[in-house]
Each structure stands twice: as structure tokens, then as C-alpha cells.
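Undergrad: Have a look at the structure that comes next, please.
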Amino acid sequence: MSHFLTTPLEQTIDRGWRGIDPAQKAAFAIAIAVSVLAFGFEMTNLTFHHDDAAYIFVDDARIGRSLGRFGFGLLHYYTQNAYIMPFLQLAQAIVLMALYGLAIGRLWQLERSLDIGLVAAVVCVFPYMAQIYQYNFCTMPFALAHLLVALAVLLSVRTTVLAVIGAALLYAATFSVYQAVLANAATLAAFWLLHRILFAQETGGRAALLALARPTASAAVAVVLGGLLYLAIVAVSGKSVSSYQGADEAFSMRLTLDPALLASLLNQGSRAFFIWPEHYFPGYLKALQLVLVAAAGLACLLVPRTWAARAAAMGVFGLALIAPRALHLLHPGGHFHQLTLTAYAVAVAGSLAVVLRSAPILLRNAAALVAALVVAGYVVQCNWISTVNHQNTTAHFSQATQILARARSLHDPSWDGKTLVVAGTLKLYDGYPFRRTTGVATDFISAAHLQYVTRLLRDTAKIVPVEEATATVQAAAAQLPSWPHPGSVIVVDGVALAVLGSQKSAGAER
């Protein structure tokens, strides 16, 4: 306290800044620069996904509550006033994710600035590209969850009682924001163990392998305690975990072991990420990632001095590569594990870190160049996704405006000019560049989505699904052609009726 009263604040900040390892500062700058290149355009516009448009209109702490994410709601409301502000949200997320990368570098004991910077760039950019790009108006809590889980793992391997308790508290806070980062924790811990096996000074001795048992057990105890504490808070607060994507089953603590199903899902999920083609993830990026993974596997065979250590390294490396699917262990048959894509960034970064630490200079430089190409590919994909989703949002606004204009051009005095009954789903063009894929360039507009769009346009229209309309309106909807046919919008029974497409497909989308 006396130091605060007698020392100018800028001197304290300067002393603290100079005390930070220069390699950490350089790596932080690399991560920030790469993230700005990847998300600079996303920061300056509002694009939204049909599943997440509802979040824009939640102006209190209820956001995410149905998934037990009460911490998410508290952060979004009490620190951001639930405002829509992509620039600030992504700026905060970029800083938090850069710190997440530095924490991972510290966990894996990376010392060179390029090593830390490349690993941080991979784990910073990949999650947004794979999953979080549509949350540019509330992404800060997700980024904070990633940082908290890395800090939790970093604390938990220290083995002291206070460290384990602190890690458990961090895990509980993390799960209240984003439960799926449990997979990140498993992958981080697995690669920490692999690095210890490969690079501990006493590598090869049985005593060294046995010495890893205590911090490994400490890490496991911390995550179990954190999970139990989170579930206890949910139970006491009455904030239930919903059934969406099997979240309730995944966190019910009722283990449903099915070895055959588990093996099949782990195989399919791993092949889907590492090998199978995806529209938003080009084949050349997967090939480059596989080069890093294969090189790390080779290091597991060459670096250890004994066959026992080699076997241990290969076993842990195999577990680390399937750790992003860790939620399968809790509930193999559910879908909540689909929210674990960000853990694959840790798997790629962990493989890169192994090669950078173990390879001779020539191979290390080659690995760094491969990693730089991977990060550059991520940046390209991020910019493509942001651009196409922005264009897609504009297209949705345009279609909504045309539909409302068509209805109001009818000039029927029996209609109040506001109530619009919507039947079916409008399918937009999904050719290039609007490649059809999960989360990118959503091609349909339904009644619920149209209501969100009109609210963002500040239009007074009241959108009503056809199922809630009168029998007369429903009968008329069954006879009309689909939009954009001139006869697809009429006034009937005192309300406007717009038939966007097949009502059967609308039910499927809902």
C-alpha cells in the first residue's frame, strides 16, 4: 500500500513491463498482429448466424443460461451491458486469446520467442476460424474461458494443495462460461505430459516416469473437483443445463460407457478433422497440419533414450491427438462433443511445439516455415469467412426488405401494415462464394429468423409463423406459389401472408 502511495503509477507499470521476459513480449506481439490480420474486418461489421441471432436481443444476464452458462450471461451483461459492439468484443478476445497462447507456452516450457509466437498464433486464430466467428457480438466470454482453462492446467500440475484448489476454482468458473473447453484442458494436459517425458533432463529413467504420476494425478483431481463444484453451483442456483446438443447428458455424471460406439466416434471425429475435406478448411491446410503431426510422432520415437520412454511417449501422443474428443467419454451418444473443435488447435500447436523443441536447426527452421504457412492459411480462411458471412447478412437484409415492400405495395385497407404471416423457408442461392457448410453463409430464412432481421432493420413488422395463424390463412398458404413469385405475397383474413418456400423444409429447420 505504501508503494502505491509513494510511487507514480507509470513507474510501477514500467518496472513490471521490463520484468517480463522479452520472448514473451515478442510472442504476444506476434499473436496480436496475426489476430488483427485474421479478424480485422470482422471487428468492423456485424455478421450473425441464424442460430445466434437470438443472443443479440437478450438484454439481461439470461444469455446462455439454458446451457448452464450463467457465467457467460454475467460477463456479457455486467461487463458489457449486453451491448452489440463487435470491435470492442473482438479486441478484448484478441488480447485474452494472446494471453491464452502465452500461458500454453509457459505450460509447455517454450523459451524462444518464435516458438511461443507460432504456438500462440495457432491457438489464437484457429478457434475463431473453426467456431467462434459468428459470435463477434459476444465473443469475449468464450476467449476468457480458453484463458482460464489454460491457467487451470498450469496451476494443477504444480501438485500443491493450494494450486489444486485454485485450479478447481478456475475450472468451475470456466465451465460456467463454456463447458466444452474441458476438451482443451485434456489436450493441454496430455501435451504437457508428453513434453515432460520427452524433454525432462532425466529422460529415460524409470524414476523420472514415476515422478510424473503425482502432477498428472494432481491435474486430474483439479478438473474433477472443478466439475463437481460447477455442478453443485448449478444445482443450488436452480439454473438447469438444457438438453440442447446433449449438454444435460454430458454433464449429468452418469457415465454411459459403450466401448464400440466410443471407438467408432473417436475414429470418425479424428479422421474428420485431420483428413476429411471441409469447405471452410482447405485440403492443403490439413496436409500441412499432418506434416507437423507426423514429425511430432517421429520425435516421440527418436528423442527418448529408452524403449520404455519411447513407448510412453507414443502412448501419450496418441491420447493427446484424440483428447479433443474427450467429451465422448462422458456421453458417447450425445452431440455436445461437437463443441470441441477449438481443442484441435491445441493438438496442432502441441505437435508443432514438440518439433520445435526437439529437431536440429535445419528441421526446426523447416517446421517453423510450415507452421507459418498453416497460420497464413488460417488467416486467409478467417478473412474469407468474415467476408462471405458479411455478404450473406446483407443478402438476408435485402430479402427481408423486398418481402416487406412487396406486402406493403398491396395497399389492402384490411391489413394493418405490420402483421405478416410467414409460411415455409426461403432457400437462398448457395453456389460460390456461398459454399454451403456449417456456420458459413446460412442459406435459409424462416419466420423466426425474419423477425430478428426486421428488428435489426428497425421495422415495425410483426412476424407470425403460419402454424399460429387462422385456418383460413393456413389454407391460403397451401395454395400459393413460393417467393419470389408475384403471387407469393397476398393479404388474406386481415393479415399479410408470405410463402417463402416449402413448409416441410421449414419444420425441418426448426
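Chain lettering (A, B, ...) mirrors the order of the C-alpha cells, residue numbering begins at 1 for each chain separately, and ligand numbering begins at 1 in order of display.
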Please identify all polymer residues within 12 Å of A:Tyr284, counting only C-alpha atoms, omitting same-chain residues fewer than 2 positions from it, and present them as a tab-separated table (two decimals) with C-alpha atoms, in the first residue's frame.
TA:
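This is the output file result11.tsv:
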chain	number	residue	atom	x	y	z
A	274	PHE	CA	-7.18	-34.43	-39.71
A	275	ILE	CA	-8.10	-35.97	-43.08
A	276	TRP	CA	-11.61	-35.47	-44.44
A	277	PRO	CA	-12.16	-32.42	-46.65
A	278	GLU	CA	-14.29	-29.48	-45.50
A	279	HIS	CA	-15.47	-26.39	-47.33
A	280	TYR	CA	-14.16	-24.00	-44.72
A	281	PHE	CA	-10.90	-25.90	-44.16
A	282	PRO	CA	-8.92	-26.49	-47.39
A	286	LYS	CA	-4.89	-30.35	-43.40
A	287	ALA	CA	-1.88	-31.72	-45.27
A	288	LEU	CA	0.43	-29.16	-43.63
A	289	GLN	CA	-1.01	-29.97	-40.21
A	290	LEU	CA	-0.43	-33.67	-40.84
A	291	VAL	CA	3.22	-32.93	-41.63
A	370	VAL	CA	5.42	-24.98	-42.30
A	373	LEU	CA	2.13	-21.38	-43.83
A	374	VAL	CA	-0.52	-23.02	-41.64
A	376	ALA	CA	-1.27	-17.87	-43.11
A	377	GLY	CA	-3.87	-20.37	-44.33
A	378	TYR	CA	-5.90	-19.76	-41.18
A	381	GLN	CA	-9.85	-18.64	-44.25
Undergrad: Tell me, as a list in words, which residues lie within 7 Å of A:Ile63, counting only C-alpha atoms; anything in the same chain fewer than 5 positions away does not count.
TA: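 So the residues in contact are Tyr55, Val58 and Gly73 of chain A.
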Undergrad: Give the answer as one residue: which of A:Leu99, A:Arg435, A:Ala54, A:Asp115 has the shortest atom-to-atom distance to A:His146, using only C-alpha atoms?
TA: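 Using only C-alpha atoms, the shortest distance to A:His146 belongs to A:Leu99.
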Undergrad: Where in stretch 126-198 of chain A does DSSP assign helix (DSSP H, G or I), given as a ChimeraX atom specification?
TA: /A:126-130,132-135,140-156,161-175,179-198
Undergrad: Excluding A:Pro484 and its own-chain neighbours fewer than 2 positions away, which residues fall within 12 Å of it when counting only C-alpha atoms? Please give them as a list in words.
TA: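 Here the qualifying residues turn out to be Gln399, Ala400, Gln402, Ile403, Arg406, Ala407, Leu426, Lys427, Leu428, Leu480, Pro481, Ser482, Pro486, Gly487, Ser488, Val489, Ala498, Val499, Leu500 and Gly501 of chain A.
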Undergrad: For the selection you just gave me, I'd like the residues written to a file as a PDB file, in the first residue's frame, keeping C-alpha atoms.
TA:
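What landed in out.pdb:
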ATOM      1  CA  GLN A 399     -34.546 -10.265 -48.936  1.00  0.00           C
ATOM      2  CA  ALA A 400     -36.415  -9.151 -45.817  1.00  0.00           C
ATOM      3  CA  GLN A 402     -38.089  -6.945 -50.535  1.00  0.00           C
ATOM      4  CA  ILE A 403     -40.640  -9.224 -48.836  1.00  0.00           C
ATOM      5  CA  ARG A 406     -43.995  -6.489 -51.676  1.00  0.00           C
ATOM      6  CA  ALA A 407     -46.562  -6.906 -48.881  1.00  0.00           C
ATOM      7  CA  LEU A 426     -36.686 -19.273 -48.140  1.00  0.00           C
ATOM      8  CA  LYS A 427     -33.655 -21.031 -49.605  1.00  0.00           C
ATOM      9  CA  LEU A 428     -31.076 -18.585 -50.878  1.00  0.00           C
ATOM     10  CA  LEU A 480     -49.815 -20.055 -53.056  1.00  0.00           C
ATOM     11  CA  PRO A 481     -46.570 -20.304 -55.047  1.00  0.00           C
ATOM     12  CA  SER A 482     -43.242 -19.641 -53.311  1.00  0.00           C
ATOM     13  CA  PRO A 486     -45.586 -12.270 -57.729  1.00  0.00           C
ATOM     14  CA  GLY A 487     -48.444 -14.251 -56.192  1.00  0.00           C
ATOM     15  CA  SER A 488     -46.444 -15.461 -53.179  1.00  0.00           C
ATOM     16  CA  VAL A 489     -47.480 -12.454 -51.049  1.00  0.00           C
ATOM     17  CA  ALA A 498     -45.860 -14.518 -47.491  1.00  0.00           C
ATOM     18  CA  VAL A 499     -44.999 -18.034 -48.658  1.00  0.00           C
ATOM     19  CA  LEU A 500     -41.213 -18.268 -48.646  1.00  0.00           C
ATOM     20  CA  GLY A 501     -40.894 -21.929 -49.612  1.00  0.00           C
TER      21      GLY A 501
END
Undergrad: Give the strand (DSSP E or B) residues of stretch 233-459 of chain A, as DSSP finds them on the backbone, and put them as a list in words.
TA: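 Filtering stretch 233-459 of chain A to strand (DSSP E or B) leaves Val241, Glu278, Phe281, Thr419, Leu420, Val421, Val422, Ala423, Leu426, Lys427, Thr437, Val440, Phe444 and Ile445 of chain A.
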Undergrad: Kindly export the residues of the current selection with N, CA and C atoms, as a PDB file, in the first residue's frame.
TA:
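Output file again_9.pdb is given in full below:
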ATOM      1  N   VAL A 241     -29.122 -27.308 -16.795  1.00  0.00           N
ATOM      2  CA  VAL A 241     -28.448 -27.470 -18.075  1.00  0.00           C
ATOM      3  C   VAL A 241     -29.453 -28.055 -19.056  1.00  0.00           C
ATOM      4  N   GLU A 278     -13.211 -30.355 -45.958  1.00  0.00           N
ATOM      5  CA  GLU A 278     -14.290 -29.483 -45.498  1.00  0.00           C
ATOM      6  C   GLU A 278     -14.255 -28.213 -46.339  1.00  0.00           C
ATOM      7  N   PHE A 281     -12.236 -25.489 -44.588  1.00  0.00           N
ATOM      8  CA  PHE A 281     -10.896 -25.895 -44.158  1.00  0.00           C
ATOM      9  C   PHE A 281     -10.233 -26.611 -45.331  1.00  0.00           C
ATOM     10  N   THR A 419     -48.615  -6.902 -39.381  1.00  0.00           N
ATOM     11  CA  THR A 419     -48.669  -8.339 -39.148  1.00  0.00           C
ATOM     12  C   THR A 419     -48.433  -9.104 -40.447  1.00  0.00           C
ATOM     13  N   LEU A 420     -47.363  -9.877 -40.469  1.00  0.00           N
ATOM     14  CA  LEU A 420     -47.005 -10.661 -41.647  1.00  0.00           C
ATOM     15  C   LEU A 420     -46.893 -12.126 -41.255  1.00  0.00           C
ATOM     16  N   VAL A 421     -47.761 -12.953 -41.790  1.00  0.00           N
ATOM     17  CA  VAL A 421     -47.708 -14.392 -41.561  1.00  0.00           C
ATOM     18  C   VAL A 421     -46.722 -14.994 -42.556  1.00  0.00           C
ATOM     19  N   VAL A 422     -45.799 -15.798 -42.069  1.00  0.00           N
ATOM     20  CA  VAL A 422     -44.747 -16.369 -42.913  1.00  0.00           C
ATOM     21  C   VAL A 422     -44.894 -17.876 -42.942  1.00  0.00           C
ATOM     22  N   ALA A 423     -44.938 -18.428 -44.142  1.00  0.00           N
ATOM     23  CA  ALA A 423     -45.037 -19.876 -44.322  1.00  0.00           C
ATOM     24  C   ALA A 423     -43.796 -20.373 -45.045  1.00  0.00           C
ATOM     25  N   LEU A 426     -37.293 -19.782 -46.912  1.00  0.00           N
ATOM     26  CA  LEU A 426     -36.686 -19.273 -48.140  1.00  0.00           C
ATOM     27  C   LEU A 426     -35.268 -19.819 -48.253  1.00  0.00           C
ATOM     28  N   LYS A 427     -34.988 -20.511 -49.341  1.00  0.00           N
ATOM     29  CA  LYS A 427     -33.655 -21.031 -49.605  1.00  0.00           C
ATOM     30  C   LYS A 427     -32.923 -20.082 -50.546  1.00  0.00           C
ATOM     31  N   THR A 437     -22.024 -24.814 -45.900  1.00  0.00           N
ATOM     32  CA  THR A 437     -21.301 -25.508 -44.843  1.00  0.00           C
ATOM     33  C   THR A 437     -21.761 -24.966 -43.503  1.00  0.00           C
ATOM     34  N   VAL A 440     -21.361 -21.090 -42.056  1.00  0.00           N
ATOM     35  CA  VAL A 440     -20.906 -20.129 -43.048  1.00  0.00           C
ATOM     36  C   VAL A 440     -22.006 -19.926 -44.084  1.00  0.00           C
ATOM     37  N   PHE A 444     -30.834 -20.134 -45.501  1.00  0.00           N
ATOM     38  CA  PHE A 444     -32.284 -20.107 -45.376  1.00  0.00           C
ATOM     39  C   PHE A 444     -32.765 -18.967 -44.473  1.00  0.00           C
ATOM     40  N   ILE A 445     -34.000 -18.540 -44.715  1.00  0.00           N
ATOM     41  CA  ILE A 445     -34.674 -17.564 -43.869  1.00  0.00           C
ATOM     42  C   ILE A 445     -36.019 -18.157 -43.478  1.00  0.00           C
TER      43      ILE A 445
END
Undergrad: Looking at A:Gln479, A:Gln474, A:Thr342, A:Asn392, which one is nearest to A:Met129, with distances taken over only C-alpha atoms?
TA: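 That would be A:Thr342, the residue with the smallest distance to A:Met129.
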Undergrad: Taking only C-alpha atoms into account, which of A:Gly424, A:Gly350, A:Gly19, A:Gly297 comes nearest A:Leu107?
TA: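 Of A:Gly424, A:Gly350, A:Gly19, A:Gly297, the one nearest A:Leu107, counting only C-alpha atoms, is A:Gly350.
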Undergrad: Compile the contact shell of A:Thr472 as a PDB file with N, CA and C atoms, in the first residue's frame: residues with an atom at most 10 Å away, counting only C-alpha atoms, same-chain residues fewer than 4 positions apart removed.
TA:
ATOM      1  N   ALA A 476     -54.909 -20.805 -47.333  1.00  0.00           N
ATOM      2  CA  ALA A 476     -54.418 -19.972 -48.430  1.00  0.00           C
ATOM      3  C   ALA A 476     -52.933 -20.216 -48.680  1.00  0.00           C
ATOM      4  N   ALA A 477     -52.166 -20.392 -47.600  1.00  0.00           N
ATOM      5  CA  ALA A 477     -50.727 -20.617 -47.723  1.00  0.00           C
ATOM      6  C   ALA A 477     -50.436 -21.889 -48.503  1.00  0.00           C
ATOM      7  N   VAL A 492     -54.845 -11.747 -46.697  1.00  0.00           N
ATOM      8  CA  VAL A 492     -55.980 -12.640 -46.507  1.00  0.00           C
ATOM      9  C   VAL A 492     -56.398 -12.617 -45.042  1.00  0.00           C
ATOM     10  N   ASP A 493     -57.680 -12.561 -44.822  1.00  0.00           N
ATOM     11  CA  ASP A 493     -58.226 -12.580 -43.459  1.00  0.00           C
ATOM     12  C   ASP A 493     -57.629 -11.474 -42.582  1.00  0.00           C
TER      13      ASP A 493
END
Undergrad: Between atom CA of A:Ala152 and atom CA of A:Leu169, measure the distance and give it in Å to one decimal.
TA: 8.2 Å
Undergrad: Under the rule that only C-alpha atoms are counted, which of A:Leu144, A:Ala353, A:Ala183, A:Ala343 is the nearest residue to A:Phe199?
TA: A:Ala353
Undergrad: Just give me the gap between atom CA of A:Ile30 and atom CA of A:Val149 in Å, one decimal is fine.
TA: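 We find that atom CA of A:Ile30 and atom CA of A:Val149 lie 21.8 Å from each other.
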Undergrad: Restricting the calculation to only C-alpha atoms, which member of A:Val464, A:Ala27, A:Leu46, A:Val125 is positioned closest to A:Ala103?
TA: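 Of the candidates, the smallest distance to A:Ala103 is held by A:Ala27.
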Undergrad: Tell me which protein, DNA and RNA residues are within 12 Å of A:Ala53, counting only C-alpha atoms, leaving out same-chain ones fewer than 2 positions away, and put them as a list of chain:residue names.
TA: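 Residues near the query, excluding close chain neighbours: A:Leu46, A:Thr47, A:Phe48, A:His49, A:His50, A:Asp51, A:Tyr55, A:Ile56, A:Phe57, A:Val58, A:Ile63, A:Ile84, A:Gln134, A:Tyr135, A:Asn136, A:Phe137, A:Cys138, A:Thr393, A:Thr442, A:Ile445, A:Ala448, A:His449, A:Leu450, A:Gln451, A:Tyr452, A:Val453, A:Thr454, A:Arg455, A:Leu456.
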Undergrad: Return the single residue from A:Leu262, A:Ala38, A:Ile463, A:Ala295 that is closest to A:Phe126, with distances computed using only C-alpha atoms.
TA: A:Ala38
Undergrad: Quick one: residues within 10 Å of A:Gly227, only C-alpha atoms, excluding same-chain residues fewer than 2 positions away - as a tab-separated table (two decimals) with N, CA and C atoms, in the first residue's frame?
TA:
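Result went into selection35.tsv, see below:
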chain	number	residue	atom	x	y	z
A	168	ALA	N	-9.12	-25.85	-9.36
A	168	ALA	CA	-10.52	-26.29	-9.31
A	168	ALA	C	-11.47	-25.10	-9.40
A	169	LEU	N	-11.14	-24.02	-8.71
A	169	LEU	CA	-11.97	-22.82	-8.79
A	169	LEU	C	-11.98	-22.24	-10.21
A	171	TYR	N	-11.51	-23.97	-12.95
A	171	TYR	CA	-12.31	-24.88	-13.77
A	171	TYR	C	-13.81	-24.60	-13.59
A	172	ALA	N	-14.23	-24.41	-12.36
A	172	ALA	CA	-15.65	-24.13	-12.11
A	172	ALA	C	-16.08	-22.84	-12.81
A	173	ALA	N	-15.23	-21.81	-12.72
A	173	ALA	CA	-15.54	-20.56	-13.41
A	173	ALA	C	-15.57	-20.76	-14.92
A	174	THR	N	-14.65	-21.57	-15.43
A	174	THR	CA	-14.59	-21.83	-16.86
A	174	THR	C	-15.85	-22.52	-17.35
A	175	PHE	N	-16.27	-23.57	-16.64
A	175	PHE	CA	-17.45	-24.33	-17.06
A	175	PHE	C	-18.72	-23.48	-17.01
A	176	SER	N	-18.73	-22.47	-16.13
A	176	SER	CA	-19.90	-21.59	-16.07
A	176	SER	C	-20.00	-20.69	-17.31
A	179	GLN	N	-18.57	-24.94	-21.23
A	179	GLN	CA	-18.19	-26.24	-20.70
A	179	GLN	C	-17.29	-27.04	-21.62
A	182	LEU	N	-13.44	-28.27	-21.56
A	182	LEU	CA	-12.92	-29.46	-20.89
A	182	LEU	C	-12.01	-30.24	-21.84
A	221	VAL	N	-7.29	-34.56	-10.44
A	221	VAL	CA	-8.09	-34.22	-9.25
A	221	VAL	C	-8.67	-32.81	-9.39
A	222	ALA	N	-7.87	-31.89	-9.89
A	222	ALA	CA	-8.33	-30.50	-10.02
A	222	ALA	C	-9.52	-30.39	-10.96
A	223	VAL	N	-9.47	-31.08	-12.11
A	223	VAL	CA	-10.58	-30.96	-13.06
A	223	VAL	C	-11.83	-31.65	-12.53
A	224	VAL	N	-11.67	-32.75	-11.79
A	224	VAL	CA	-12.84	-33.42	-11.21
A	224	VAL	C	-13.47	-32.53	-10.14
A	225	LEU	N	-12.65	-31.95	-9.27
A	225	LEU	CA	-13.18	-31.06	-8.23
A	225	LEU	C	-13.86	-29.84	-8.86
A	229	LEU	N	-17.77	-28.90	-8.42
A	229	LEU	CA	-18.15	-27.60	-7.87
A	229	LEU	C	-19.10	-26.88	-8.82
A	230	TYR	N	-18.82	-26.95	-10.12
A	230	TYR	CA	-19.70	-26.34	-11.10
A	230	TYR	C	-21.10	-26.96	-11.05
A	231	LEU	N	-21.17	-28.28	-11.01
A	231	LEU	CA	-22.46	-28.94	-10.97
A	231	LEU	C	-23.21	-28.60	-9.69
A	232	ALA	N	-22.47	-28.47	-8.57
A	232	ALA	CA	-23.11	-28.09	-7.31
A	232	ALA	C	-23.69	-26.69	-7.39
A	233	ILE	N	-22.95	-25.77	-8.01
A	233	ILE	CA	-23.46	-24.39	-8.17
A	233	ILE	C	-24.71	-24.38	-9.03
A	251	PHE	N	-23.10	-33.59	-18.84
A	251	PHE	CA	-22.72	-33.12	-17.51
A	251	PHE	C	-23.62	-33.70	-16.41
A	253	MET	N	-23.01	-36.64	-15.08
A	253	MET	CA	-22.17	-37.56	-14.30
A	253	MET	C	-22.65	-39.00	-14.36
Undergrad: Hey, could you make a per-residue contact list for stretch 294-411 of chain A against stretch 41-45 of chain A with 9 Å as the cut-off, showing the nearest pair of atoms and its distance in Å to one decimal, counting only C-alpha atoms, sorted by chain and number, as a Markdown table?
TA:
| residue | atom | partner | partner_atom | distance |
| --- | --- | --- | --- | --- |
| A:Cys382 | CA | A:Glu42 | CA | 8.8 |
| A:Asn383 | CA | A:Phe41 | CA | 7.2 |
| A:Ser386 | CA | A:Glu42 | CA | 5.6 |
| A:Thr387 | CA | A:Phe41 | CA | 7.7 |
| A:His390 | CA | A:Asn45 | CA | 7.4 |
Undergrad: Can you tell me, as an MDAnalysis selection string, what residues are no more than 8 Å from A:Ala371 when counting only C-alpha atoms, ignoring any on the same chain fewer than 6 positions away?
TA: chainID A and resid 118 288 292 352
